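> Can you read through this structure? Questions will come right after.
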Amino acid sequence: METLKAQLDDLISRLENANDFRLQLDDLVSVMPFNRYEFVIATLLSRQKLTYGEYMEMRNAYIDRNLYLSIFEISSPRGFGDTWAFGHLLEVESDLKRPNKKIDPAYSG
């Protein structure tokens, strides 16, 4: 996250009214999915201080650095198992089958 913050701060410095923009950020209300980073990136794109290609490079580099961060966004143990763990197991052992009542009539989740 520190790398991304530094990259965005450098780009913000290139704005004509960088200090005013930083003050605006201090007062910004963030509500999912509209947050500080979305606002900064949208502003930089609209003011042509960041190209779409640069944005994609920045985005992909962040995802590469934080490959498993999405695992921490899974909020329930069942969601973790269904969303991440089963998919990971299928990558390791492709013969596994998702449990269901057809395979095992006693299956209850």
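Going by the structure tokens order, chains are called A, B, ..., each with residues numbered from 1, while ligands are numbered from 1 in the order shown.
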Need to verify the contact set: Lys5 of chain A, 12 Å, only C-alpha atoms, exclusion of same-chain residues closer than 3 positions in sequence. Can you return it as a list in words?

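Counting only C-alpha atoms, the residues come to Met1, Glu2, Leu8, Asp9, Asp10, Leu11, Ile12, Arg36, Tyr37, Val40, Ile41, Met58 and Tyr62 of chain A.
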
> Using DSSP on the backbone coordinates, identify all residues within chain A classified as alpha helix (DSSP H); present the result as a VMD selection string.

chain A and resid 2 to 13 18 to 26 36 to 46 52 to 65 77 to 80 86 to 92

> A:Trp84, A:Ile103, A:Ala61, A:Arg14: which is nearest Gln48 of chain A, counting only C-alpha atoms?

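Ranked by minimum distance to Gln48 of chain A, first place goes to A:Arg14.
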
> Could you jot down the atom CA of Asn66 of chain A to atom CA of Lys49 of chain A separation for me, Å, one decimal place?

24.8 Å

> How many Å separate atom CA of Leu23 of chain A from atom CA of Arg65 of chain A?

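We find that atom CA of Leu23 of chain A and atom CA of Arg65 of chain A lie 29.3 Å from each other.
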
> Enter the distance from atom CA of Asn17 of chain A to atom CA of Thr3 of chain A, in Å, rounded to one decimal.

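Distance reported for this atom pair: 22.9 Å.
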